[in-house]
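Content type mmCIF, C-alpha atoms, from the file coords27.cif:
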```
data_input
loop_
_atom_site.label_atom_id
_atom_site.label_comp_id
_atom_site.auth_asym_id
_atom_site.auth_seq_id
_atom_site.Cartn_x
_atom_site.Cartn_y
_atom_site.Cartn_z
CA MET A 338 -8.43 -37.46 -3.70
CA PRO A 339 -7.41 -35.94 -7.05
CA ARG A 340 -6.97 -32.20 -7.13
CA ILE A 341 -9.76 -30.04 -8.48
CA ASP A 342 -8.41 -27.70 -11.13
CA ARG A 343 -9.98 -24.38 -10.16
CA LEU A 344 -10.20 -21.07 -11.97
CA VAL A 345 -8.28 -18.67 -9.71
CA ILE A 346 -9.75 -15.17 -9.52
CA GLY A 347 -7.82 -12.44 -7.71
CA ILE A 348 -9.41 -9.17 -6.59
CA PHE A 349 -7.14 -6.10 -6.57
CA GLY A 350 -7.35 -2.36 -6.15
CA ARG A 351 -7.09 0.53 -3.73
CA ILE A 352 -8.20 0.65 -0.12
CA ASN A 353 -12.01 0.97 0.06
CA ALA A 354 -12.51 0.57 -3.69
CA GLY A 355 -15.01 -2.25 -3.09
CA LYS A 356 -12.85 -5.39 -3.28
CA SER A 357 -14.33 -7.12 -0.25
CA THR A 358 -17.83 -6.09 -1.33
CA LEU A 359 -17.15 -7.84 -4.65
CA MET A 360 -15.89 -10.93 -2.81
CA ASN A 361 -19.05 -11.06 -0.71
CA LEU A 362 -21.21 -10.55 -3.80
CA LEU A 363 -19.65 -13.59 -5.46
CA THR A 364 -19.79 -15.81 -2.37
CA GLN A 365 -23.25 -14.55 -1.36
CA GLN A 366 -22.13 -14.28 2.26
CA GLU A 367 -19.88 -12.12 4.44
CA THR A 368 -16.67 -13.85 3.49
CA SER A 369 -14.65 -10.63 3.79
CA LEU A 370 -15.21 -7.93 6.40
CA VAL A 371 -16.50 -4.69 4.86
CA ASP A 372 -15.94 -1.43 6.76
CA PRO A 373 -15.22 2.20 5.82
CA GLN A 374 -12.14 2.07 8.04
CA PRO A 375 -9.10 1.92 5.70
CA GLY A 376 -7.01 -1.26 5.74
CA THR A 377 -9.77 -3.59 6.97
CA THR A 378 -8.46 -6.47 4.84
CA ALA A 379 -5.24 -7.38 6.64
CA ASP A 380 -4.26 -10.46 4.64
CA ILE A 381 -5.42 -12.45 1.64
CA LYS A 382 -8.91 -13.89 2.11
CA SER A 383 -9.42 -17.11 0.16
CA ALA A 384 -12.68 -18.87 -0.69
CA VAL A 385 -13.39 -21.91 -2.86
CA MET A 386 -16.78 -22.44 -4.42
CA GLU A 387 -18.66 -23.56 -7.50
CA ILE A 388 -20.13 -20.92 -9.81
CA HIS A 389 -22.54 -22.57 -12.22
CA SER A 390 -21.31 -20.96 -15.45
CA LEU A 391 -17.63 -20.91 -14.42
CA GLY A 392 -17.18 -24.23 -12.63
CA PRO A 393 -14.90 -24.68 -9.59
CA VAL A 394 -13.25 -21.37 -8.63
CA ARG A 395 -10.92 -20.02 -5.99
CA LEU A 396 -11.35 -16.38 -4.98
CA LEU A 397 -8.57 -14.25 -3.50
CA ASP A 398 -9.51 -10.96 -1.83
CA THR A 399 -6.36 -8.91 -1.34
CA ALA A 400 -5.46 -5.88 0.76
CA GLY A 401 -5.45 -2.40 -0.73
CA LEU A 402 -2.31 -1.65 -2.72
CA ASP A 403 -2.05 2.00 -1.64
CA GLU A 404 -1.61 1.58 2.12
CA GLY A 405 1.49 3.58 3.00
CA SER A 406 2.67 2.04 6.29
CA LEU A 407 5.34 -0.61 6.78
CA LEU A 408 2.55 -3.13 7.40
CA GLY A 409 0.89 -1.87 4.24
CA GLU A 410 4.05 -2.63 2.29
CA LYS A 411 3.95 -6.22 3.56
CA LYS A 412 0.28 -6.48 2.55
CA ARG A 413 1.15 -5.07 -0.87
CA SER A 414 3.90 -7.65 -1.38
CA LYS A 415 1.49 -10.51 -0.60
CA ALA A 416 -1.18 -9.07 -2.88
CA LEU A 417 1.23 -8.80 -5.79
CA SER A 418 2.42 -12.37 -5.20
CA ALA A 419 -1.22 -13.46 -5.41
CA LEU A 420 -1.53 -11.70 -8.77
CA GLU A 421 1.15 -14.01 -10.19
CA GLU A 422 -1.00 -17.03 -9.30
CA CYS A 423 -4.30 -15.85 -10.78
CA ASP A 424 -6.03 -16.83 -13.99
CA VAL A 425 -8.12 -13.66 -13.90
CA ALA A 426 -7.16 -10.43 -12.15
CA LEU A 427 -10.23 -8.36 -11.28
CA LEU A 428 -9.23 -4.72 -10.87
CA VAL A 429 -11.83 -2.92 -8.77
CA ILE A 430 -11.93 0.84 -9.32
CA ASP A 431 -14.08 3.39 -7.54
CA PRO A 432 -14.05 5.96 -10.37
CA VAL A 433 -14.85 8.86 -8.03
CA GLN A 434 -12.10 7.90 -5.59
CA ALA A 435 -9.56 7.50 -8.40
CA PHE A 436 -10.60 10.65 -10.26
CA LEU A 437 -10.54 12.89 -7.19
CA SER A 438 -7.11 11.53 -6.15
CA GLY A 439 -5.63 12.78 -9.43
CA GLN A 440 -3.38 9.74 -9.86
CA LEU A 441 -3.72 6.15 -11.11
CA THR A 442 -0.60 4.50 -9.68
CA VAL A 443 -2.41 1.44 -8.32
CA GLU A 444 -4.45 0.89 -11.48
CA GLU A 445 -1.37 1.19 -13.69
CA LEU A 446 0.51 -1.27 -11.45
CA VAL A 447 -2.19 -3.95 -11.65
CA GLY A 448 -2.64 -3.45 -15.38
CA ASN A 449 1.07 -3.63 -16.17
CA LEU A 450 1.79 -6.60 -13.91
CA SER A 451 -1.18 -8.52 -15.33
CA ARG A 452 0.25 -8.07 -18.81
CA ARG A 453 3.78 -8.89 -17.66
CA HIS A 454 2.69 -12.14 -15.99
CA GLY A 455 0.30 -13.10 -18.77
CA ARG A 456 -2.77 -12.85 -16.54
CA ALA A 457 -6.22 -12.05 -17.93
CA LEU A 458 -7.40 -8.63 -16.71
CA ALA A 459 -10.95 -7.40 -16.19
CA VAL A 460 -12.08 -4.11 -14.64
CA VAL A 461 -15.07 -3.46 -12.40
CA PHE A 462 -16.01 0.20 -11.95
CA ASN A 463 -17.78 0.25 -8.61
CA VAL A 464 -20.39 3.01 -8.82
CA ARG A 465 -21.96 3.92 -5.48
CA LYS A 466 -25.30 5.55 -4.82
CA ASP A 467 -23.73 8.93 -3.94
CA THR A 468 -21.45 9.06 -7.00
CA ASP A 469 -23.07 12.08 -8.66
CA ALA A 470 -23.06 14.11 -5.44
CA LEU A 471 -19.39 13.38 -4.82
CA LEU A 472 -18.45 14.46 -8.35
CA GLU A 473 -20.61 17.58 -8.38
CA ASP A 474 -17.95 20.04 -7.17
CA SER A 475 -15.36 18.69 -9.63
CA GLY A 476 -17.45 19.57 -12.68
CA ALA A 477 -16.81 16.13 -14.18
CA SER A 478 -19.44 13.57 -15.10
CA LEU A 479 -19.32 9.90 -14.12
CA GLU A 480 -18.55 8.97 -17.73
CA GLU A 481 -15.56 11.35 -17.73
CA ALA A 482 -14.28 9.93 -14.45
CA ILE A 483 -14.50 6.40 -15.85
CA GLU A 484 -12.75 7.42 -19.05
CA TYR A 485 -9.98 9.00 -16.98
CA CYS A 486 -9.53 5.68 -15.12
CA ARG A 487 -9.32 3.75 -18.40
CA THR A 488 -6.16 5.66 -19.31
CA ALA A 489 -4.31 3.52 -16.76
CA LEU A 490 -5.07 0.28 -18.61
CA PRO A 491 -2.52 -1.31 -20.96
CA ASP A 492 -5.29 -1.84 -23.54
CA ARG A 493 -8.16 0.60 -23.00
CA LYS A 494 -10.48 -1.00 -25.56
CA GLY A 495 -9.45 -4.63 -25.21
CA VAL A 496 -9.85 -5.04 -21.44
CA PRO A 497 -13.37 -6.27 -20.58
CA SER A 498 -15.10 -4.07 -18.03
CA LEU A 499 -18.30 -3.62 -16.07
CA VAL A 500 -19.93 -0.58 -14.45
CA ALA A 501 -21.98 -1.73 -11.45
CA ASP A 502 -22.93 -1.04 -7.86
CA LEU A 503 -21.28 -3.97 -6.09
CA SER A 504 -23.53 -3.54 -3.05
CA ASP A 505 -26.55 -4.34 -5.26
CA PRO A 506 -27.29 -8.12 -5.46
CA SER A 507 -28.53 -7.68 -9.04
CA SER A 508 -24.91 -7.00 -10.06
CA LEU A 509 -23.99 -10.65 -9.49
CA ALA A 510 -25.11 -11.97 -12.89
CA PRO A 511 -23.25 -9.34 -14.97
CA LEU A 512 -20.18 -9.79 -12.76
CA VAL A 513 -20.09 -13.54 -13.41
CA GLU A 514 -20.62 -12.86 -17.12
CA LEU A 515 -17.64 -10.46 -17.05
CA ILE A 516 -15.39 -13.11 -15.50
CA GLY A 517 -16.54 -15.59 -18.13
CA ARG A 518 -15.56 -13.18 -20.91
CA ALA A 519 -12.17 -12.52 -19.32
CA ARG A 520 -11.15 -16.07 -18.43
CA PRO A 521 -8.38 -17.58 -20.55
CA GLY A 522 -9.08 -20.46 -22.88
CA ASP A 523 -9.31 -23.94 -21.43
CA ASP A 524 -5.90 -25.42 -20.71
CA ALA A 525 -6.57 -28.95 -19.52
CA ALA A 526 -3.96 -30.49 -17.27
CA PRO A 527 -1.90 -33.16 -19.03
CA ALA A 528 -2.63 -36.79 -18.24
CA LEU A 529 -0.71 -38.21 -15.30
CA LEU A 530 0.94 -41.00 -17.31
CA PRO A 531 0.26 -40.18 -20.97
CA PHE A 532 2.61 -42.79 -22.39
CA LEU A 533 0.82 -45.87 -20.98
CA LYS A 534 -0.61 -48.53 -23.26
CA PRO A 535 -4.05 -50.14 -22.75
CA HIS A 536 -2.49 -53.48 -21.78
CA GLY A 537 0.08 -54.42 -19.20
CA ALA A 538 0.13 -53.86 -15.44
CA VAL A 539 1.65 -50.92 -13.57
CA LEU A 540 3.47 -51.73 -10.36
CA MET A 541 3.32 -48.94 -7.79
CA HIS A 542 6.25 -49.25 -5.40
CA ILE A 543 5.37 -47.48 -2.12
CA PRO A 544 7.97 -47.88 0.66
CA MET A 545 5.85 -46.69 3.61
CA ASP A 546 8.05 -45.20 6.34
CA GLU A 547 7.70 -43.21 9.58
CA GLU A 548 6.39 -40.16 7.70
CA THR A 549 3.62 -42.05 5.89
CA PRO A 550 0.27 -40.89 7.38
CA ALA A 551 -1.93 -43.55 8.94
CA GLY A 552 -5.20 -44.40 7.25
CA ARG A 553 -4.43 -43.05 3.78
CA LEU A 554 -1.91 -42.90 0.96
CA LEU A 555 -0.15 -39.75 -0.16
CA ARG A 556 -1.86 -37.67 -2.82
CA PRO A 557 0.38 -38.69 -5.78
CA GLN A 558 -0.22 -42.35 -4.92
CA GLU A 559 -3.99 -41.85 -4.70
CA MET A 560 -4.04 -39.87 -7.94
CA ALA A 561 -2.04 -42.50 -9.81
CA MET A 562 -4.24 -45.31 -8.51
CA GLU A 563 -7.45 -43.51 -9.50
CA TYR A 564 -6.04 -42.68 -12.94
CA LEU A 565 -4.96 -46.26 -13.60
CA LEU A 566 -8.27 -47.72 -12.45
CA ARG A 567 -10.19 -45.37 -14.74
CA MET A 568 -7.94 -46.43 -17.61
CA GLY A 569 -8.69 -50.09 -16.83
CA ILE A 570 -5.00 -50.84 -16.32
CA PRO A 571 -4.15 -53.57 -13.76
CA VAL A 572 -2.40 -52.15 -10.69
CA GLY A 573 -0.04 -53.87 -8.29
CA LEU A 574 1.01 -52.32 -4.97
CA TYR A 575 4.21 -53.31 -3.22
CA ARG A 576 6.02 -52.12 -0.12
CA THR A 577 9.75 -52.60 0.32
CA ASP A 578 11.48 -52.19 3.67
CA LEU A 579 14.14 -49.71 2.56
CA ARG A 580 16.28 -50.23 5.65
CA LEU A 581 16.54 -53.94 4.95
CA GLY A 582 17.05 -53.34 1.25
CA ARG A 583 20.00 -51.04 2.02
CA SER A 584 21.41 -53.23 4.77
CA ARG A 585 25.14 -53.99 4.75
CA SER A 586 24.15 -57.58 5.41
CA ARG A 587 24.03 -59.31 2.05
CA GLU A 588 21.61 -61.83 3.47
CA LEU A 589 19.08 -59.22 4.64
CA ALA A 590 19.38 -57.04 1.53
CA GLY A 591 19.30 -60.06 -0.74
CA ALA A 592 16.17 -61.44 0.92
CA GLU A 593 14.35 -58.12 0.53
CA ARG A 594 15.32 -57.90 -3.13
CA LYS A 595 14.26 -61.52 -3.73
CA LYS A 596 10.76 -60.82 -2.34
CA PHE A 597 10.38 -57.85 -4.70
CA GLU A 598 11.59 -59.82 -7.72
CA GLN A 599 9.17 -62.67 -6.93
CA PHE A 600 6.31 -60.17 -6.79
CA LEU A 601 7.41 -58.66 -10.10
CA ARG A 602 7.52 -62.09 -11.76
CA SER A 603 3.96 -62.81 -10.65
CA PHE A 604 2.84 -60.40 -13.40
CA GLU A 605 4.70 -62.21 -16.18
CA SER A 606 1.67 -64.00 -17.58
CA GLY A 607 -0.13 -62.01 -20.29
CA PRO A 608 1.22 -58.58 -21.26
CA GLY A 609 3.40 -58.35 -18.14
CA VAL A 610 4.45 -55.11 -16.44
CA GLN A 611 4.61 -51.97 -18.60
CA LEU A 612 5.86 -49.60 -15.86
CA VAL A 613 7.20 -49.50 -12.32
CA LEU A 614 6.20 -46.27 -10.60
CA THR A 615 8.27 -45.79 -7.45
CA ASP A 616 8.69 -43.38 -4.60
CA SER A 617 11.69 -41.22 -5.53
CA GLN A 618 13.56 -42.04 -2.33
CA ALA A 619 13.73 -45.70 -3.39
CA ILE A 620 15.33 -45.08 -6.79
CA ASP A 621 18.71 -46.25 -5.45
CA LEU A 622 17.24 -49.76 -5.07
CA MET A 623 14.75 -49.78 -7.92
CA LYS A 624 17.36 -48.88 -10.56
CA ASP A 625 19.01 -52.25 -9.84
CA TRP A 626 16.02 -54.35 -8.84
CA VAL A 627 13.79 -53.50 -11.82
CA PRO A 628 15.03 -55.21 -15.02
CA ASP A 629 16.18 -52.84 -17.77
CA SER A 630 13.41 -54.22 -19.99
CA ILE A 631 10.73 -52.64 -17.74
CA PRO A 632 10.30 -48.84 -17.84
CA LEU A 633 10.86 -47.05 -14.53
CA THR A 634 9.93 -43.58 -13.26
CA THR A 635 8.84 -41.88 -10.01
CA PHE A 636 5.73 -40.34 -8.45
CA SER A 637 7.51 -37.02 -8.04
CA ILE A 638 8.38 -36.81 -11.75
CA MET A 639 4.79 -37.78 -12.64
CA MET A 640 3.42 -34.96 -10.46
CA ILE A 641 5.75 -32.17 -11.57
CA ASN A 642 5.02 -32.98 -15.21
CA GLN A 643 1.30 -32.47 -14.61
CA THR A 644 1.62 -29.53 -12.22
CA ALA A 645 3.92 -27.71 -14.66
CA GLY A 646 1.55 -28.29 -17.58
CA GLY A 647 3.60 -31.00 -19.24
CA ASP A 648 6.85 -29.01 -19.35
CA LEU A 649 9.04 -31.82 -18.02
CA ASP A 650 11.84 -30.72 -20.35
CA LEU A 651 12.37 -27.64 -18.17
CA PHE A 652 13.05 -29.80 -15.11
CA ALA A 653 15.18 -32.25 -17.10
CA ARG A 654 17.38 -29.35 -18.24
CA GLY A 655 17.55 -28.20 -14.62
CA ALA A 656 18.90 -31.60 -13.62
CA GLY A 657 21.69 -31.00 -16.13
CA ALA A 658 22.64 -27.88 -14.17
CA LEU A 659 23.56 -30.14 -11.23
CA ASP A 660 26.54 -31.37 -13.26
CA GLY A 661 28.37 -28.07 -12.89
CA MET A 662 28.00 -27.65 -9.13
CA LYS A 663 31.06 -26.92 -7.04
CA SER A 664 31.98 -26.05 -3.47
CA GLY A 665 30.39 -22.77 -2.38
CA ASP A 666 27.38 -23.04 -4.70
CA ARG A 667 23.97 -22.57 -3.07
CA VAL A 668 21.04 -24.91 -3.70
CA LEU A 669 17.42 -24.16 -2.82
CA VAL A 670 15.30 -27.20 -1.87
CA VAL A 671 11.62 -26.32 -2.31
CA GLU A 672 8.72 -28.21 -0.76
CA ALA A 673 5.26 -26.83 -1.47
CA CYS A 674 3.52 -28.19 1.62
CA ASN A 675 4.11 -27.96 5.33
CA HIS A 676 4.13 -31.18 7.34
CA ASP A 677 5.66 -32.66 10.45
CA ARG A 678 9.11 -33.69 9.28
CA MET A 679 10.36 -36.91 10.86
CA ALA A 680 13.23 -39.35 10.57
CA GLU A 681 14.71 -39.59 7.07
CA ASP A 682 12.67 -36.74 5.56
CA ILE A 683 13.32 -36.56 1.83
CA GLY A 684 13.62 -32.76 1.61
CA THR A 685 15.51 -31.96 4.80
CA VAL A 686 17.62 -35.09 5.27
CA GLN A 687 17.94 -37.36 2.24
CA ILE A 688 18.46 -34.91 -0.63
CA PRO A 689 20.72 -32.51 1.37
CA GLY A 690 22.78 -35.42 2.72
CA LYS A 691 23.32 -36.99 -0.69
CA LEU A 692 24.08 -33.65 -2.35
CA ALA A 693 26.63 -32.74 0.31
CA LYS A 694 28.32 -36.09 -0.20
CA ALA A 695 28.33 -35.72 -4.00
CA VAL A 696 29.50 -32.09 -3.97
CA PRO A 697 31.35 -31.29 -0.73
CA GLY A 698 31.12 -27.66 0.35
CA ILE A 699 27.79 -26.75 -1.23
CA GLU A 700 25.30 -24.70 0.80
CA ILE A 701 21.66 -25.81 1.02
CA ASP A 702 18.66 -23.66 1.95
CA HIS A 703 14.97 -24.59 2.14
CA SER A 704 11.66 -23.00 1.16
CA PHE A 705 8.55 -24.59 2.66
CA GLY A 706 4.83 -23.95 2.13
CA ARG A 707 3.17 -21.14 0.19
CA GLU A 708 5.91 -18.55 0.68
CA PHE A 709 8.43 -18.41 -2.16
CA PRO A 710 11.45 -16.09 -2.56
CA LEU A 711 11.37 -13.11 -4.90
CA PRO A 712 13.65 -13.09 -7.99
CA GLU A 713 16.22 -10.83 -6.32
CA GLU A 714 16.54 -13.37 -3.49
CA LEU A 715 16.64 -16.34 -5.87
CA ARG A 716 19.65 -15.05 -7.81
CA ARG A 717 22.01 -16.34 -5.13
CA TYR A 718 21.22 -19.97 -6.04
CA ARG A 719 22.95 -22.23 -8.52
CA VAL A 720 19.86 -24.43 -8.92
CA ALA A 721 16.44 -25.03 -7.28
CA ILE A 722 15.14 -28.52 -6.54
CA HIS A 723 11.34 -28.57 -6.28
CA CYS A 724 9.11 -31.31 -4.92
CA GLY A 725 6.42 -32.90 -7.08
CA GLY A 726 4.05 -30.02 -6.33
CA CYS A 727 1.10 -32.29 -5.53
CA MET A 728 -0.34 -29.75 -3.05
CA ILE A 729 -0.15 -26.60 -5.19
CA SER A 730 -2.13 -25.41 -8.18
CA ARG A 731 -0.76 -25.13 -11.69
CA GLN A 732 -1.05 -21.34 -11.30
CA THR A 733 1.23 -21.35 -8.26
CA ALA A 734 3.69 -23.64 -10.03
CA SER A 735 3.66 -21.34 -13.06
CA ALA A 736 4.33 -18.30 -10.85
CA ARG A 737 7.30 -20.03 -9.22
CA ILE A 738 8.74 -21.09 -12.55
CA ARG A 739 8.46 -17.50 -13.81
CA ARG A 740 10.28 -16.14 -10.76
CA LEU A 741 13.08 -18.65 -11.19
CA ALA A 742 13.33 -17.84 -14.91
CA GLU A 743 13.46 -14.11 -14.14
CA ALA A 744 16.27 -14.80 -11.68
CA GLY A 745 18.09 -17.02 -14.21
CA VAL A 746 18.00 -20.04 -11.88
CA PRO A 747 17.53 -23.56 -13.36
CA VAL A 748 14.93 -25.72 -11.63
CA THR A 749 14.72 -29.47 -11.31
CA ASN A 750 12.71 -31.86 -9.18
CA TYR A 751 13.09 -34.29 -6.27
CA GLY A 752 12.70 -37.38 -8.43
CA LEU A 753 15.09 -36.10 -11.08
CA ALA A 754 17.67 -34.93 -8.54
CA LEU A 755 17.67 -38.26 -6.69
CA SER A 756 18.00 -40.06 -10.03
CA TRP A 757 20.88 -37.74 -11.03
CA LEU A 758 22.63 -38.65 -7.78
CA GLU A 759 22.52 -42.31 -8.86
CA GLY A 760 24.25 -41.49 -12.14
CA PRO A 761 23.44 -40.35 -15.69
CA GLU A 762 22.10 -43.76 -16.69
CA THR A 763 19.48 -43.65 -13.94
CA LEU A 764 18.45 -40.11 -14.83
CA ALA A 765 18.07 -41.09 -18.48
CA ARG A 766 16.08 -44.17 -17.47
CA VAL A 767 13.42 -42.34 -15.40
CA LEU A 768 13.00 -39.79 -18.21
CA ALA A 769 12.79 -42.41 -20.98
CA PRO A 770 9.07 -43.27 -20.59
CA TRP A 771 8.13 -39.61 -20.97
CA MET A 772 10.30 -39.20 -24.05
CA GLU A 773 8.95 -42.40 -25.57
CA GLY A 774 5.41 -41.11 -25.11
CA ARG A 775 6.15 -38.13 -27.39
CA ARG A 776 7.33 -40.13 -30.37
#
```
Any chance you could put this one into structure tokens?
Amino acid sequence: MPRIDRLVIGIFGRINAGKSTLMNLLTQQETSLVDPQPGTTADIKSAVMEIHSLGPVRLLDTAGLDEGSLLGEKKRSKALSALEECDVALLVIDPVQAFLSGQLTVEELVGNLSRRHGRALAVVFNVRKDTDALLEDSGASLEEAIEYCRTALPDRKGVPSLVADLSDPSSLAPLVELIGRARPGDDAAPALLPFLKPHGAVLMHIPMDEETPAGRLLRPQEMAMEYLLRMGIPVGLYRTDLRLGRSRSRELAGAERKKFEQFLRSFESGPGVQLVLTDSQAIDLMKDWVPDSIPLTTFSIMMINQTAGGDLDLFARGAGALDGMKSGDRVLVVEACNHDRMAEDIGTVQIPGKLAKAVPGIEIDHSFGREFPLPEELRRYRVAIHCGGCMISRQTASARIRRLAEAGVPVTNYGLALSWLEGPETLARVLAPWMEGRR
């Protein structure tokens, strides 16, 4: 199924400021455990839901940023990583707690990092029923305590805020309204294949292998098929046996190629084929089997263009960084999902094997799943090669790109790297449809 583009809302603040109470208010259930015991939230709590006026959202309830233990430091690191991936950072402040502590380190941290990462910031002042009694001995009023807390914000007047008792269900409506005011402007994901014309078939080349799950196609294949059907563009599906196609036996390899070419010719009547969209691992065959007159690109390139908001140029420039690799350079291969890796896995076997053959002596590391190295760890790498990103949000992709940029590390993509390994002509060919679409 196609991904749902959700508004990501992160909830940040001190221990016991009311973050989990806010999470439960939004979800209208006990999604996060609420307890006066400090450090109750041990890891990021995630919830997906639909909020009528906001649309599909993903909520992230994070641990308190002021826990001083070694475990607290690990929680803090995860919370700050979550901030990079948010559209809206909700800073929850208990004004009494903050005022009586005499310091605003946490609030300043969230405010400054939100600005640094370009994340929208909104503040919720969580006012409890015993607020006045707790402030009585200090001689300060609630308004003064709130004003003191505002001094931590990068823009005291420009940051939208709300004063509410988060334990009161009636605070839900103003809270949702606050998020609506804070959310960034709509940034629709780019079309999957924006360069396609209304006429002419698209051939999807899907070489199903041992890692292909039974009973379904992979997400990029499903997304492309749904997109093409909605566009009313004829779709052809074809499976090549890659082992036969790469066989040293001319007879076996030739027979496999002949079957593909016969299938391709079956579309010659009418407008013909306007694009062959192939699995990246088959580019070594498709570059020769698909006539030069038919545009060619890969699922992985299609996905990273959309996931990265249409910034394919960034990944094309990263492919250029592969030209300067030499023995001793380190390469980071990044795959955004975790799965059971079998046989000729593209990330752990095919790309590393071909890179090592092309540039003897290079060192290859891997990063799998949600975890992603910090900039100081990334600086050791000559280049990063990312998958298509079909299982991560645009926010997560943006956060990764920013970390790589901060570390000064170029980034490219599976499809582009495998095309680069086949030579500059192949790399230029898989990029050509995207460049043509911009003219």
**OP:** Please indicate the distance in Å from atom CA of Lys691 of chain A to atom CA of Asn750 of chain A, rounded to one decimal place.
**Re:**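 Computed distance, atom CA of Lys691 of chain A to atom CA of Asn750 of chain A, equals 14.5 Å.
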**OP:** Could you check how far atom CA of Ile701 of chain A sits from atom CA of Leu554 of chain A, in Å to one decimal?
**Re:**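 These atoms are spaced 29.1 Å apart.
Separating atom CA of Val746 of chain A from atom CA of Val720 of chain A is a distance of 5.6 Å.
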Original post:
Neighbours of segment 433-449 of chain A within 10 Å (all atoms listed in the file; same-chain residues fewer than 6 positions away dropped), as JSON, numbers by chain?
Top reply: {"A": [349, 350, 351, 352, 353, 354, 401, 402, 403, 417, 420, 426, 427, 455, 456, 457, 458, 459, 460, 462, 463, 464, 465, 467, 468, 469, 471, 472, 475, 477, 478, 479, 481, 482, 483, 484, 485, 486, 487, 488, 489, 490, 491, 492, 496]}
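Using all atoms listed in the file, the protein and nucleic acid residues lying no more than 9 Å from Pro535 of chain A, apart from those fewer than 5 places from it along its own chain, are Met568, Gly569 and Ile570 of chain A.
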Distance query Ala734 of chain A at most 8 Å, only C-alpha atoms, self and fewer than 6 positions along chain excluded, as a PDB file with C-alpha atoms, in the coordinates of the input:
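Below is the file selection_25.pdb, written as the result:
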```
ATOM      1  CA  THR A 644       1.620 -29.530 -12.220  1.00  0.00           C
ATOM      2  CA  ALA A 645       3.920 -27.710 -14.660  1.00  0.00           C
ATOM      3  CA  GLY A 726       4.050 -30.020  -6.330  1.00  0.00           C
TER       4      GLY A 726
END
```
**OP:** Do a neighbour search on Met623 of chain A at 10 Å with all atoms listed in the file, toss out local chain neighbours closer than 3 positions, and write the hits as a list in words.
**Re:**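 The contact residues come out as His542, Arg594, Phe597, Val613, Leu614, Thr615, Asp616, Ser617, Gln618, Ala619, Ile620, Trp626, Val627, Pro628, Leu633, Thr634 and Thr763 of chain A.
Minimum distance to Ala384 of chain A across A:Lys534, A:Lys466, A:Arg343, A:Arg707 (counting only C-alpha atoms) occurs at A:Arg343.
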**OP:** Translate the PyMOL selection byres ((chain A and resi 744) around 8), as applied to the file shown, into an explicit residue set as a list in words.
**Re:**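 Answer for the PyMOL selection byres ((chain A and resi 744) around 8): Pro712, Glu713, Leu715, Arg716, Arg740, Leu741, Ala742, Glu743, Gly745 and Val746 of chain A.
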Subject >> Counting all atoms listed in the file, the residue of A:Leu530, A:Ile348, A:Ile722, A:Leu612 that sits nearest Lys382 of chain A >> reply: A:Ile348
**OP:** Return the single residue from A:Ala693, A:Leu711, A:Val539, A:Ala673 that is closest to Lys415 of chain A, with distances computed using all atoms listed in the file.
**Re:**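 Closest to Lys415 of chain A of all the choices is A:Leu711.
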**OP:** Find the residues around segment 572-587 of chain A up to 7 Å (all atoms listed in the file counted), leave out those fewer than 5 positions away in its own chain, and share them as a ChimeraX atom specification.
**Re:** /A:538-545,593-594
Any chance you could resolve the PyMOL selection byres ((chain A and resi 640) around 7) against this file and give the residues as a PDB file with C-alpha atoms, in the coordinates of the input?
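selection21.pdb, written as the output of this step:
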```pdb
ATOM      1  CA  PRO A 557       0.380 -38.690  -5.780  1.00  0.00           C
ATOM      2  CA  PHE A 636       5.730 -40.340  -8.450  1.00  0.00           C
ATOM      3  CA  SER A 637       7.510 -37.020  -8.040  1.00  0.00           C
ATOM      4  CA  ILE A 638       8.380 -36.810 -11.750  1.00  0.00           C
ATOM      5  CA  MET A 639       4.790 -37.780 -12.640  1.00  0.00           C
ATOM      6  CA  ILE A 641       5.750 -32.170 -11.570  1.00  0.00           C
ATOM      7  CA  ASN A 642       5.020 -32.980 -15.210  1.00  0.00           C
ATOM      8  CA  GLN A 643       1.300 -32.470 -14.610  1.00  0.00           C
ATOM      9  CA  THR A 644       1.620 -29.530 -12.220  1.00  0.00           C
ATOM     10  CA  GLY A 725       6.420 -32.900  -7.080  1.00  0.00           C
ATOM     11  CA  GLY A 726       4.050 -30.020  -6.330  1.00  0.00           C
ATOM     12  CA  CYS A 727       1.100 -32.290  -5.530  1.00  0.00           C
TER      13      CYS A 727
END
```
**OP:** List, as a VMD selection string, every residue that the PyMOL selection byres ((chain A and resi 560-563) around 8) selects in the file provided.
**Re:** chain A and resid 338 to 339 529 556 to 559 564 to 567 572
Original post:
Is there a way to get, as a PyMOL selection string, all residues within 6 Å of the point (19.3, -20.7, -4.5) in file coordinates, counting all atoms listed in the file?
Top reply: chain A and resi 667-669+715+717-721
Produce the centre coordinates and the three edge lengths, each in Å to one decimal, of the box along x, y and z that contains all listed atoms of segment 426-431 of chain A with 5 Å added on each side, as JSON.
```
{"center_x": -10.6, "center_y": -3.5, "center_z": -9.8, "size_x": 16.9, "size_y": 23.8, "size_z": 14.6}
```
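Shortest separation to Gly706 of chain A among A:Val671, A:Leu692, A:Leu764, A:Leu649 occurs at residue A:Val671, atoms counted being all atoms listed in the file.
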